[in-house]
file final22.cif (mmCIF, C-alpha atoms)
data_protein
#
loop_
_atom_site.label_atom_id
_atom_site.label_comp_id
_atom_site.auth_asym_id
_atom_site.auth_seq_id
_atom_site.Cartn_x
_atom_site.Cartn_y
_atom_site.Cartn_z
CA MET A 62 90.36 69.08 112.60
CA GLU A 63 92.70 69.61 109.65
CA ASP A 64 90.88 66.92 107.67
CA LEU A 65 87.52 68.53 108.41
CA ILE A 66 88.77 71.96 107.28
CA GLU A 67 90.24 70.49 104.08
CA THR A 68 87.01 68.65 103.34
CA LEU A 69 84.83 71.70 103.97
CA THR A 70 87.06 73.88 101.79
CA SER A 71 87.62 71.31 99.01
CA ASN A 72 91.36 71.32 99.79
CA ASN A 73 91.56 75.12 99.47
CA PRO A 74 91.70 76.26 103.11
CA THR A 75 93.94 79.25 102.41
CA ALA A 76 91.82 80.59 99.56
CA VAL A 77 88.60 80.16 101.54
CA LYS A 78 90.16 81.84 104.55
CA VAL A 79 91.35 84.77 102.40
CA VAL A 80 87.85 85.25 100.94
CA LEU A 81 86.11 85.01 104.33
CA ALA A 82 88.61 87.36 105.99
CA SER A 83 88.14 89.86 103.16
CA VAL A 84 84.35 89.68 103.58
CA ALA A 85 84.78 90.36 107.31
CA VAL A 86 86.98 93.43 106.64
CA ALA A 87 84.59 94.79 103.99
CA LEU A 88 81.65 94.40 106.38
CA ALA A 89 83.70 95.97 109.20
CA ALA A 90 84.18 99.06 107.00
CA TYR A 91 80.42 99.10 106.34
CA GLN A 92 79.87 98.87 110.11
CA VAL A 93 81.93 102.04 110.65
CA PHE A 94 79.81 103.80 108.01
CA LEU A 95 76.58 102.58 109.66
CA MET A 96 77.61 103.83 113.08
CA ALA A 97 78.76 107.17 111.66
CA VAL A 98 75.11 107.50 110.54
CA GLY A 99 73.87 105.95 113.82
CA TYR A 100 75.72 108.52 115.95
CA GLY A 101 74.63 111.36 113.67
CA LYS A 102 78.18 112.14 112.47
CA LEU A 103 77.05 111.50 108.92
CA ARG A 104 73.61 112.73 107.86
CA LEU A 105 72.05 111.07 104.83
CA PRO A 106 68.62 111.68 103.29
CA PHE A 107 68.02 107.94 102.69
CA LEU A 108 69.21 106.46 106.01
CA GLU A 109 68.26 107.60 109.51
CA PRO A 110 70.24 106.89 112.69
CA LYS A 111 67.78 104.29 114.14
CA PRO A 112 67.69 101.92 111.16
CA ALA A 113 71.46 102.36 110.73
CA SER A 114 72.05 101.27 114.36
CA PHE A 115 69.65 98.34 113.97
CA THR A 116 71.46 97.13 110.83
CA HIS A 117 74.80 97.66 112.61
CA ARG A 118 73.69 95.12 115.26
CA ALA A 119 72.47 92.59 112.67
CA VAL A 120 75.56 92.88 110.44
CA GLY A 121 77.76 92.83 113.57
CA ASP A 122 76.39 89.42 114.55
CA ALA A 123 77.19 88.12 111.05
CA VAL A 124 80.71 89.60 111.16
CA VAL A 125 81.39 87.95 114.53
CA ALA A 126 80.21 84.59 113.15
CA VAL A 127 82.47 84.91 110.07
CA THR A 128 85.39 86.02 112.25
CA VAL A 129 85.00 83.03 114.57
CA VAL A 130 84.92 80.66 111.55
CA VAL A 131 88.11 82.26 110.16
CA ALA A 132 89.79 82.09 113.58
CA VAL A 133 88.89 78.41 114.02
CA MET A 134 90.16 77.65 110.50
CA CYS A 135 93.35 79.60 111.13
CA ILE A 136 94.17 78.05 114.49
CA GLY A 137 92.86 74.57 113.59
CA TYR A 138 94.66 74.31 110.28
CA PHE A 139 97.70 76.57 110.48
CA GLY A 140 98.22 76.74 114.24
CA PHE A 141 100.33 79.35 115.98
CA GLU A 142 103.76 78.13 114.94
CA ASP A 143 103.42 77.70 111.19
CA ALA A 144 105.13 80.81 109.88
CA SER A 145 106.27 79.25 106.58
CA GLY A 146 109.51 81.23 106.68
CA GLU A 147 107.77 84.53 107.30
CA GLU A 148 108.12 84.72 111.07
CA LEU A 149 107.77 88.48 111.49
CA ARG A 150 104.60 88.79 109.39
CA ALA A 151 103.06 85.71 111.00
CA THR A 152 103.92 86.96 114.51
CA PHE A 153 102.25 90.31 113.84
CA HIS A 154 99.25 88.49 112.34
CA VAL A 155 98.83 86.34 115.47
CA ILE A 156 99.19 89.38 117.78
CA PHE A 157 96.66 91.48 115.81
CA ALA A 158 94.24 88.55 115.53
CA LEU A 159 94.34 87.81 119.27
CA LEU A 160 93.89 91.51 120.08
CA LEU A 161 90.97 91.60 117.62
CA LEU A 162 89.21 88.65 119.25
CA ALA A 163 89.77 90.12 122.72
CA THR A 164 88.45 93.54 121.65
CA ILE A 165 85.37 92.02 119.98
CA ALA A 166 84.69 90.02 123.16
CA LEU A 167 85.05 93.19 125.26
CA LYS A 168 82.75 95.15 122.92
CA VAL A 169 80.05 92.46 123.03
CA THR A 170 80.35 92.34 126.84
CA VAL A 171 79.98 96.13 127.09
CA ILE A 172 76.90 96.06 124.80
CA ARG A 173 75.16 93.20 126.61
CA ARG A 174 76.26 93.48 130.26
CA TRP A 175 78.72 96.26 131.09
CA HIS A 176 76.40 99.18 130.35
CA GLN A 177 78.32 101.78 132.38
CA LEU A 178 81.15 101.54 129.82
CA ARG A 179 78.90 102.29 126.85
CA ARG A 180 80.53 105.67 126.32
CA TYR A 181 83.65 103.78 125.14
CA LEU A 182 81.75 101.89 122.39
CA PRO A 183 82.76 104.27 119.56
CA ALA A 184 86.43 103.91 120.53
CA LEU A 185 86.07 100.14 120.87
CA GLY A 186 84.36 99.95 117.48
CA LEU A 187 87.11 101.92 115.77
CA THR A 188 89.73 99.75 117.50
CA VAL A 189 87.97 96.62 116.21
CA PHE A 190 87.99 98.07 112.67
CA VAL A 191 91.68 99.01 112.80
CA LEU A 192 92.56 95.54 114.15
CA PHE A 193 90.48 93.92 111.39
CA VAL A 194 92.45 95.85 108.78
CA LEU A 195 95.84 95.08 110.38
CA THR A 196 94.99 91.38 110.76
CA TRP A 197 93.87 91.25 107.12
CA ILE A 198 96.93 93.10 105.81
CA THR A 199 99.32 90.73 107.59
CA SER A 200 97.61 87.64 106.16
CA ALA A 201 95.00 87.81 103.38
CA GLY A 202 96.33 91.08 101.94
CA ASP A 203 99.85 89.69 101.90
CA TYR A 204 98.58 86.50 100.20
CA LEU A 205 96.61 88.44 97.58
CA VAL A 206 99.56 90.58 96.51
CA GLY A 207 101.75 87.50 96.42
CA GLY A 208 103.96 88.42 99.33
CA MET B 275 53.98 106.63 104.93
CA THR B 276 54.19 105.69 108.63
CA GLU B 277 57.35 105.96 110.66
CA SER B 278 57.60 102.18 111.14
CA ASN B 279 57.31 101.63 107.38
CA THR B 280 60.18 104.01 106.75
CA PHE B 281 62.21 102.27 109.46
CA ARG B 282 61.53 98.84 107.93
CA LYS B 283 62.37 99.99 104.41
CA GLN B 284 65.65 101.57 105.50
CA VAL B 285 66.64 98.48 107.49
CA VAL B 286 65.90 96.20 104.52
CA ALA B 287 67.77 98.52 102.13
CA SER B 288 70.83 98.70 104.40
CA LEU B 289 70.82 94.90 104.82
CA VAL B 290 70.60 94.46 101.04
CA ALA B 291 73.59 96.81 100.77
CA ALA B 292 75.47 94.51 103.19
CA VAL B 293 74.65 91.48 101.04
CA LEU B 294 75.87 93.34 97.94
CA ILE B 295 79.12 94.24 99.72
CA VAL B 296 79.62 90.53 100.53
CA ALA B 297 78.89 89.48 96.93
CA VAL B 298 81.22 92.09 95.42
CA THR B 299 84.00 91.26 97.90
CA ILE B 300 83.77 87.52 97.15
CA ALA B 301 83.84 88.21 93.39
CA VAL B 302 86.77 90.65 93.53
CA VAL B 303 88.90 88.57 95.94
CA THR B 304 88.23 85.30 94.12
CA ALA B 305 89.18 86.93 90.80
CA ASN B 306 92.41 88.21 92.33
CA LEU B 307 93.52 85.02 94.06
CA GLY B 308 96.98 84.21 92.77
CA ARG B 309 96.92 87.00 90.18
CA GLY B 310 100.13 88.62 91.43
CA LEU B 311 102.01 85.34 91.43
CA ASP B 312 104.22 83.91 88.74
CA PRO B 313 103.91 80.17 87.96
CA ASP B 314 106.92 79.35 90.19
CA GLU B 315 105.29 80.95 93.21
CA ILE B 316 102.01 79.14 92.58
CA GLU B 317 103.93 75.88 92.35
CA GLU B 318 105.78 76.77 95.56
CA ARG B 319 102.50 77.29 97.41
CA GLN B 320 101.18 74.01 96.07
CA GLU B 321 104.34 72.28 97.27
CA GLN B 322 103.96 73.83 100.73
CA LEU B 323 100.43 72.39 100.95
CA GLU B 324 101.68 68.96 99.86
CA GLU B 325 104.51 69.10 102.42
CA ARG B 326 102.03 70.02 105.13
CA ARG B 327 99.86 67.01 104.23
CA GLU B 328 102.84 64.68 104.21
CA GLU B 329 104.05 65.97 107.58
CA ARG B 330 100.61 65.47 109.02
CA ASP B 331 100.38 61.93 107.68
CA GLU B 332 103.83 61.19 109.16
CA ARG B 333 102.76 62.55 112.55
CA ARG B 334 99.68 60.35 112.46
CA GLY B 335 101.78 57.34 111.56
CA GLU B 336 104.10 58.04 114.51
CA ASN B 337 101.15 58.47 116.89
CA ARG B 338 99.64 55.17 115.77
CA GLY B 339 103.01 53.39 115.99
#

call {"tool": "encode", "arguments": {"input": "final22.cif", "output": "structure tokens"}}
result
Amino acid sequence: MEDLIETLTSNNPTAVKVVLASVAVALAAYQVFLMAVGYGKLRLPFLEPKPASFTHRAVGDAVVAVTVVVAVMCIGYFGFEDASGEELRATFHVIFALLLLATIALKVTVIRRWHQLRRYLPALGLTVFVLFVLTWITSAGDYLVGG
Amino acid sequence: MTESNTFRKQVVASLVAAVLIVAVTIAVVTANLGRGLDPDEIEERQEQLEERREERDERRGENRG
């Protein structure tokens, strides 16, 4: 697995992971904007709620795919125990990342199967966004500022 | 203009916006990789990667032996 990840990333797994994670966070922020329009909280002359919700679904699928790739890279290459002397940051990163994956799984389940819980989707969506940001800050953000 | 045309145009425009967000993010993050680091820290990170590779090769050697 580690060899495969190194080959696919041309021996730059950390840099690739940082870029992909940053793309996921940027798109997650865009998702919040789209659903603010979708739920009518934000009214714009150039974007109506229906197309905003449709795009939210499409972009959401892409974000989930990117997130799964980052998670596989993270677990497959770095594992759970490699804290590189930064145990506290790494521990928080693992906790936020696991909570993020669990919340995304719950949100997808509510959308596709558990329809009676649909009223919680806005809260779930905001939770996913906050967890995206926290997971990014404790890994990619820290790497980018040279922490 | 029909309603479905408007819908299609807005969907395409919002998807193009998503693609632009991805492109800008990749450009900005790639440009900033390692910017806040001094040469010693960059070298340290490189050494950590080398150590990781060596440890992995050792583990493989032990498993084969």

call {"tool": "closest_atom_pairs", "arguments": {"input": "final22.cif", "of": "chain A", "to": "chain B", "cutoff": "8 Å", "atoms": "all atoms listed in the file", "output": "tab-separated table"}}
result
residue	atom	partner	partner_atom	distance
A:Ala76	CA	B:Leu307	CA	7.3
A:Val79	CA	B:Val303	CA	7.9
A:Val80	CA	B:Ile300	CA	6.0
A:Leu81	CA	B:Ile300	CA	8.0
A:Ser83	CA	B:Thr299	CA	6.8
A:Val84	CA	B:Val296	CA	5.7
A:Ala87	CA	B:Ile295	CA	7.0
A:Leu88	CA	B:Ala292	CA	7.0
A:Tyr91	CA	B:Ala292	CA	7.4
A:Phe107	CA	B:Gln284	CA	7.4
A:Leu108	CA	B:Gln284	CA	6.1
A:Glu109	CA	B:Gln284	CA	7.7
A:Lys111	CA	B:Phe281	CA	7.6
A:Pro112	CA	B:Val285	CA	5.1
A:Ala113	CA	B:Val285	CA	7.0
A:Phe115	CA	B:Val285	CA	7.1
A:Thr116	CA	B:Val285	CA	6.0
A:Val120	CA	B:Ala292	CA	7.4
A:Tyr204	CA	B:Gly308	CA	7.9
A:Leu205	CA	B:Leu307	CA	5.8
A:Val206	CA	B:Gly310	CA	5.5
A:Gly207	CA	B:Gly310	CA	5.4

call {"tool": "atom_distance", "arguments": {"input": "final22.cif", "atom1": "atom CA of Arg319 of chain B", "atom2": "atom CA of Ala201 of chain A"}}
result
14.2 Å

call {"tool": "atom_distance", "arguments": {"input": "final22.cif", "atom1": "atom CA of Ala158 of chain A", "atom2": "atom CA of Arg174 of chain A"}}
result
23.8 Å

call {"tool": "atom_distance", "arguments": {"input": "final22.cif", "atom1": "atom CA of Gly101 of chain A", "atom2": "atom CA of Leu182 of chain A"}}
result
14.7 Å

call {"tool": "residues_around", "arguments": {"input": "final22.cif", "residues": "Val169 of chain A", "least_positions_apart": "5", "cutoff": "12 Å", "atoms": "all atoms listed in the file", "output": "ChimeraX atom specification"}}
result
/A:118,121-122,125,162-164,174-176,178-179,182,185-186,189

call {"tool": "write_last_selection", "arguments": {"input": "final22.cif", "atoms": "C-alpha atoms", "output": "short mmCIF file (atom, residue, chain, number, x, y, z; two decimals), in the coordinates of the input"}}
result
data_model
loop_
_atom_site.label_atom_id
_atom_site.label_comp_id
_atom_site.auth_asym_id
_atom_site.auth_seq_id
_atom_site.Cartn_x
_atom_site.Cartn_y
_atom_site.Cartn_z
CA ARG A 118 73.69 95.12 115.26
CA GLY A 121 77.76 92.83 113.57
CA ASP A 122 76.39 89.42 114.55
CA VAL A 125 81.39 87.95 114.53
CA LEU A 162 89.21 88.65 119.25
CA ALA A 163 89.77 90.12 122.72
CA THR A 164 88.45 93.54 121.65
CA ARG A 174 76.26 93.48 130.26
CA TRP A 175 78.72 96.26 131.09
CA HIS A 176 76.40 99.18 130.35
CA LEU A 178 81.15 101.54 129.82
CA ARG A 179 78.90 102.29 126.85
CA LEU A 182 81.75 101.89 122.39
CA LEU A 185 86.07 100.14 120.87
CA GLY A 186 84.36 99.95 117.48
CA VAL A 189 87.97 96.62 116.21
#

call {"tool": "resolve_selection", "arguments": {"input": "final22.cif", "expression": "the PyMOL selection byres ((chain A and resi 192) around 10)", "output": "number ranges by chain"}}
result
A: 86, 154, 156-162, 164-165, 186-191, 193-198

call {"tool": "residues_around", "arguments": {"input": "final22.cif", "residues": "Thr199 of chain A", "least_positions_apart": "6", "cutoff": "8 Å", "atoms": "all atoms listed in the file", "output": "PyMOL selection string"}}
result
chain A and resi 150-151+153-154

call {"tool": "axis_aligned_box", "arguments": {"input": "final22.cif", "around": "segment 132-142 of chain A", "padding_each_side": "3 Å", "output": "lines of an AutoDock Vina configuration file"}}
result
center_x = 96.3
center_y = 78.2
center_z = 113.1
size_x = 20.9
size_y = 13.8
size_z = 11.7

call {"tool": "residues_near_point", "arguments": {"input": "final22.cif", "point": "(99.8, 69.3, 102.7)", "cutoff": "12 Å", "atoms": "all atoms listed in the file", "output": "mmCIF file with C-alpha atoms, in the coordinates of the input"}}
result
data_model
loop_
_atom_site.group_PDB
_atom_site.id
_atom_site.type_symbol
_atom_site.label_atom_id
_atom_site.label_comp_id
_atom_site.auth_asym_id
_atom_site.auth_seq_id
_atom_site.Cartn_x
_atom_site.Cartn_y
_atom_site.Cartn_z
ATOM 1 C CA GLU A 63 92.700 69.610 109.650
ATOM 2 C CA ASP A 64 90.880 66.920 107.670
ATOM 3 C CA GLU A 67 90.240 70.490 104.080
ATOM 4 C CA ASN A 72 91.360 71.320 99.790
ATOM 5 C CA ASN A 73 91.560 75.120 99.470
ATOM 6 C CA PRO A 74 91.700 76.260 103.110
ATOM 7 C CA THR A 75 93.940 79.250 102.410
ATOM 8 C CA TYR A 138 94.660 74.310 110.280
ATOM 9 C CA PHE A 139 97.700 76.570 110.480
ATOM 10 C CA GLU B 318 105.780 76.770 95.560
ATOM 11 C CA ARG B 319 102.500 77.290 97.410
ATOM 12 C CA GLN B 320 101.180 74.010 96.070
ATOM 13 C CA GLU B 321 104.340 72.280 97.270
ATOM 14 C CA GLN B 322 103.960 73.830 100.730
ATOM 15 C CA LEU B 323 100.430 72.390 100.950
ATOM 16 C CA GLU B 324 101.680 68.960 99.860
ATOM 17 C CA GLU B 325 104.510 69.100 102.420
ATOM 18 C CA ARG B 326 102.030 70.020 105.130
ATOM 19 C CA ARG B 327 99.860 67.010 104.230
ATOM 20 C CA GLU B 328 102.840 64.680 104.210
ATOM 21 C CA GLU B 329 104.050 65.970 107.580
ATOM 22 C CA ARG B 330 100.610 65.470 109.020
ATOM 23 C CA ASP B 331 100.380 61.930 107.680
ATOM 24 C CA GLU B 332 103.830 61.190 109.160
#
